$ cat data-v5.tsv   # TSV, C-alpha atoms and all ligand atoms
chain	number	residue	atom	x	y	z
A	10	MET	CA	3.58	-29.40	29.55
A	11	THR	CA	0.10	-27.99	30.25
A	12	ASP	CA	-2.87	-28.59	27.97
A	13	GLN	CA	-2.55	-24.99	26.83
A	14	ASP	CA	1.12	-25.53	25.92
A	15	LEU	CA	0.16	-28.64	23.98
A	16	GLN	CA	-2.57	-26.78	22.10
A	17	THR	CA	-0.12	-24.02	21.26
A	18	ARG	CA	2.44	-26.52	19.98
A	19	LEU	CA	-0.09	-28.38	17.88
A	20	ALA	CA	-1.36	-25.15	16.39
A	21	THR	CA	2.19	-24.12	15.59
A	22	VAL	CA	3.01	-27.40	13.89
A	23	THR	CA	-0.22	-27.74	11.92
A	24	LYS	CA	-0.80	-24.07	11.06
A	25	PRO	CA	2.37	-22.15	10.19
A	26	ALA	CA	1.75	-18.42	10.55
A	27	ARG	CA	1.01	-16.55	7.34
A	28	PRO	CA	3.03	-13.33	7.12
A	29	LYS	CA	0.79	-10.32	7.69
A	30	LEU	CA	0.13	-8.19	4.62
A	31	TRP	CA	0.35	-4.40	4.56
A	32	LYS	CA	-1.85	-2.01	2.61
A	33	VAL	CA	-0.37	0.84	0.61
A	34	ILE	CA	-2.80	3.77	0.72
A	35	LEU	CA	-2.78	6.72	-1.68
A	36	LEU	CA	-3.73	10.04	-0.04
A	37	ASN	CA	-5.34	12.92	-1.88
A	38	ASP	CA	-3.84	16.42	-1.94
A	39	ASP	CA	-4.75	19.65	-3.72
A	40	TYR	CA	-1.52	20.12	-5.68
A	41	THR	CA	-0.28	16.98	-7.42
A	42	PRO	CA	-1.58	16.81	-11.01
A	43	ARG	CA	-3.94	13.91	-11.75
A	44	ASP	CA	-1.86	12.69	-14.69
A	45	PHE	CA	1.27	12.60	-12.57
A	46	VAL	CA	-0.47	10.50	-9.88
A	47	THR	CA	-1.61	8.09	-12.59
A	48	LEU	CA	1.92	7.79	-14.00
A	49	ILE	CA	3.43	7.14	-10.56
A	50	LEU	CA	0.89	4.39	-9.90
A	51	MET	CA	1.65	2.77	-13.27
A	52	ALA	CA	5.42	2.92	-12.74
A	53	THR	CA	5.62	1.88	-9.09
A	54	PHE	CA	2.68	-0.48	-8.71
A	55	ARG	CA	2.65	-2.04	-12.21
A	56	MET	CA	-0.89	-0.92	-13.00
A	57	THR	CA	-2.45	-0.37	-16.39
A	58	GLU	CA	-3.41	3.22	-17.21
A	59	ASP	CA	-7.10	2.42	-16.57
A	60	GLU	CA	-6.39	0.80	-13.20
A	61	ALA	CA	-4.14	3.67	-12.14
A	62	ALA	CA	-6.62	6.33	-13.25
A	63	GLY	CA	-9.38	4.54	-11.30
A	64	VAL	CA	-7.35	4.46	-8.08
A	65	MET	CA	-6.30	8.09	-8.56
A	66	LEU	CA	-9.93	9.19	-9.04
A	67	THR	CA	-11.11	7.29	-5.96
A	68	ALA	CA	-8.42	8.99	-3.82
A	69	HIS	CA	-9.31	12.34	-5.40
A	70	ARG	CA	-13.01	11.93	-4.58
A	71	LYS	CA	-12.86	10.13	-1.23
A	72	GLY	CA	-9.57	11.36	0.21
A	73	ALA	CA	-7.73	8.03	0.10
A	74	CYS	CA	-7.65	4.72	-1.76
A	75	VAL	CA	-5.98	1.36	-1.10
A	76	VAL	CA	-3.51	0.78	-3.94
A	77	ALA	CA	-2.35	-2.79	-3.21
A	78	VAL	CA	-1.19	-5.16	-0.46
A	79	TYR	CA	2.32	-6.57	-0.03
A	80	THR	CA	4.61	-7.87	2.69
A	81	ARG	CA	5.58	-5.04	5.04
A	82	GLU	CA	8.99	-4.37	3.52
A	83	VAL	CA	7.73	-4.27	-0.07
A	84	ALA	CA	4.81	-2.01	0.92
A	85	GLU	CA	7.09	0.44	2.70
A	86	THR	CA	9.68	0.45	-0.09
A	87	LYS	CA	7.10	1.11	-2.80
A	88	ALA	CA	5.42	3.88	-0.77
A	89	THR	CA	8.78	5.54	-0.07
A	90	ASP	CA	9.94	5.24	-3.71
A	91	ALA	CA	6.71	6.76	-5.03
A	92	MET	CA	6.86	9.69	-2.57
A	93	GLU	CA	10.53	10.28	-3.40
A	94	GLN	CA	9.77	10.47	-7.13
A	95	ALA	CA	6.97	12.97	-6.46
A	96	LYS	CA	9.17	15.05	-4.16
A	97	GLN	CA	11.84	15.30	-6.86
A	98	MET	CA	9.19	16.81	-9.14
A	99	GLY	CA	8.11	19.23	-6.41
A	100	PHE	CA	4.78	17.53	-5.59
A	101	PRO	CA	3.53	16.65	-2.08
A	102	LEU	CA	2.01	13.30	-3.10
A	103	ALA	CA	1.76	11.03	-0.05
A	104	PHE	CA	1.21	7.34	0.61
A	105	SER	CA	0.76	5.56	3.94
A	106	THR	CA	1.10	1.89	4.88
A	107	GLU	CA	-0.86	-0.08	7.45
A	108	PRO	CA	-1.34	-3.73	8.38
A	109	GLU	CA	-4.35	-5.59	7.02
A	110	GLU	CA	-6.86	-6.84	9.61
A	201	LIG	N1	-6.53	16.23	-6.10
A	201	LIG	C1	-5.49	16.37	-7.11
A	201	LIG	C2	-5.90	17.46	-8.10
A	201	LIG	O1	-7.04	17.84	-8.14
A	201	LIG	C3	-5.22	15.06	-7.87
A	201	LIG	C4	-4.83	13.97	-6.94
A	201	LIG	C5	-5.53	12.75	-6.97
A	201	LIG	C6	-3.80	14.12	-6.05
A	201	LIG	C7	-5.20	11.73	-6.10
A	201	LIG	C8	-3.43	13.10	-5.17
A	201	LIG	O2	-3.81	10.89	-4.37
A	201	LIG	C9	-4.14	11.90	-5.20
A	201	LIG	N2	-4.95	17.91	-8.88
$ encode --input "data-v5.tsv" --output "C-alpha cells"
Amino acid sequence: MTDQDLQTRLATVTKPARPKLWKVILLNDDYTPRDFVTLILMATFRMTEDEAAGVMLTAHRKGACVVAVYTREVAETKATDAMEQAKQMGFPLAFSTEPEE
C-alpha cells in the first residue's frame, strides 16, 4: 500500500462522506399568479405564508430564488410535484435543482 493509499484509507475511516445536498430553485415567469406561487411553496415546502411570500417576491424581482436544500431525491421529488400541481392548473411555474458547492 502506498502512502497515498494509506492516507485515502485513513480519511475514509475517520471522515465518512456527508451526502451532498441539492438546492431547489424557484424560477420567475410572467404568467403564474403570485398567490398561487405562495400556496404551492406553503404546501410543498412546508413554509409559513410569510416565508413563502418572501421567497415568491425574491424570485419575482430577481428571476430566481433558492427555496430549500435537501438530499438529491427529495429535492427532485418536491420540484417535480410542485411543477405538476402548477401544470394541472394551467400555469408554467418552474423549479430547478442543482448540487450545493
Ligand atoms: N411574476 C409572476 C407575476 O407577476 C409571479 C411569480 C413570482 C411567478 C415568482 C413565478 O417564481 C415565480 N404574476
$ atom_distance --input "data-v5.tsv" --atom1 "atom CA of Ala61 of chain A" --atom2 "atom CA of Met98 of chain A"
19.0 Å
$ atom_distance --input "data-v5.tsv" --atom1 "atom CA of Gly63 of chain A" --atom2 "atom CA of Asp38 of chain A"
16.1 Å
$ residues_around --input "data-v5.tsv" --residues "Lys71 of chain A" --least-positions-apart "5" --cutoff "12 Å" --atoms "all atoms listed in the file" --output "list in words"
Leu35, Leu36, Asn37, Asp38, Val64, Met65 and Leu66 of chain A
$ axis_aligned_box --input "data-v5.tsv" --around "ligand LIG 201 (chain A)" --padding-each-side "8 Å" --output "AutoDock Vina command-line options"
--center_x -5.2 --center_y 14.4 --center_z -6.6 --size_x 19.6 --size_y 23.0 --size_z 20.5
$ residues_near_ligand --input "data-v5.tsv" --ligand "ligand LIG 201 (chain A)" --cutoff "10 Å" --atoms "all atoms listed in the file" --output "PyMOL selection string"
chain A and resi 34-47+50+62-74+100-104
$ atom_distance --input "data-v5.tsv" --atom1 "atom CA of Lys87 of chain A" --atom2 "atom CA of Arg27 of chain A"
21.3 Å
$ closest_residue --input "data-v5.tsv" --among "A:Ile49, A:Ala77, A:Ala26, A:Met56" --to "Glu93 of chain A" --atoms "only C-alpha atoms"
A:Ile49
$ closest_residue --input "data-v5.tsv" --among "A:Arg81, A:Thr106, A:Thr86, A:Gln94" --to "Lys29 of chain A" --atoms "all atoms listed in the file"
A:Arg81
$ build_atoms --input "data-v5.tsv" --residues "segment 54-72 of chain A" --atoms "N, CA and C atoms" --output "compact mmCIF listing (two decimals), keeping the file's coordinate frame"
# COMPACT_ATOMS: atom_id res chain seq x y z
N PHE A 54 3.55 0.63 -9.14
CA PHE A 54 2.68 -0.48 -8.71
C PHE A 54 2.24 -1.35 -9.89
N ARG A 55 2.90 -1.18 -11.04
CA ARG A 55 2.65 -2.04 -12.21
C ARG A 55 1.17 -2.11 -12.58
N MET A 56 0.52 -0.96 -12.61
CA MET A 56 -0.89 -0.92 -13.00
C MET A 56 -1.02 -0.50 -14.46
N THR A 57 -2.14 -0.91 -15.07
CA THR A 57 -2.45 -0.37 -16.39
C THR A 57 -2.91 1.08 -16.20
N GLU A 58 -2.98 1.82 -17.31
CA GLU A 58 -3.41 3.22 -17.21
C GLU A 58 -4.83 3.30 -16.65
N ASP A 59 -5.71 2.40 -17.07
CA ASP A 59 -7.10 2.42 -16.57
C ASP A 59 -7.17 2.12 -15.08
N GLU A 60 -6.41 1.13 -14.64
CA GLU A 60 -6.39 0.80 -13.20
C GLU A 60 -5.87 1.99 -12.40
N ALA A 61 -4.77 2.57 -12.87
CA ALA A 61 -4.14 3.67 -12.14
C ALA A 61 -5.07 4.89 -12.08
N ALA A 62 -5.71 5.18 -13.21
CA ALA A 62 -6.62 6.33 -13.25
C ALA A 62 -7.81 6.10 -12.30
N GLY A 63 -8.26 4.86 -12.20
CA GLY A 63 -9.38 4.54 -11.30
C GLY A 63 -9.00 4.75 -9.84
N VAL A 64 -7.83 4.28 -9.46
CA VAL A 64 -7.35 4.46 -8.08
C VAL A 64 -7.14 5.95 -7.79
N MET A 65 -6.52 6.64 -8.74
CA MET A 65 -6.30 8.09 -8.56
C MET A 65 -7.62 8.82 -8.34
N LEU A 66 -8.64 8.49 -9.15
CA LEU A 66 -9.93 9.19 -9.04
C LEU A 66 -10.63 8.88 -7.72
N THR A 67 -10.51 7.63 -7.26
CA THR A 67 -11.11 7.29 -5.96
C THR A 67 -10.45 8.09 -4.84
N ALA A 68 -9.12 8.18 -4.85
CA ALA A 68 -8.42 8.99 -3.82
C ALA A 68 -8.83 10.46 -3.94
N HIS A 69 -8.93 10.94 -5.17
CA HIS A 69 -9.31 12.34 -5.40
C HIS A 69 -10.70 12.64 -4.82
N ARG A 70 -11.62 11.70 -5.02
CA ARG A 70 -13.01 11.93 -4.58
C ARG A 70 -13.24 11.63 -3.11
N LYS A 71 -12.57 10.59 -2.61
CA LYS A 71 -12.86 10.13 -1.23
C LYS A 71 -11.80 10.52 -0.22
N GLY A 72 -10.63 10.96 -0.72
CA GLY A 72 -9.57 11.36 0.21
C GLY A 72 -8.46 10.34 0.31
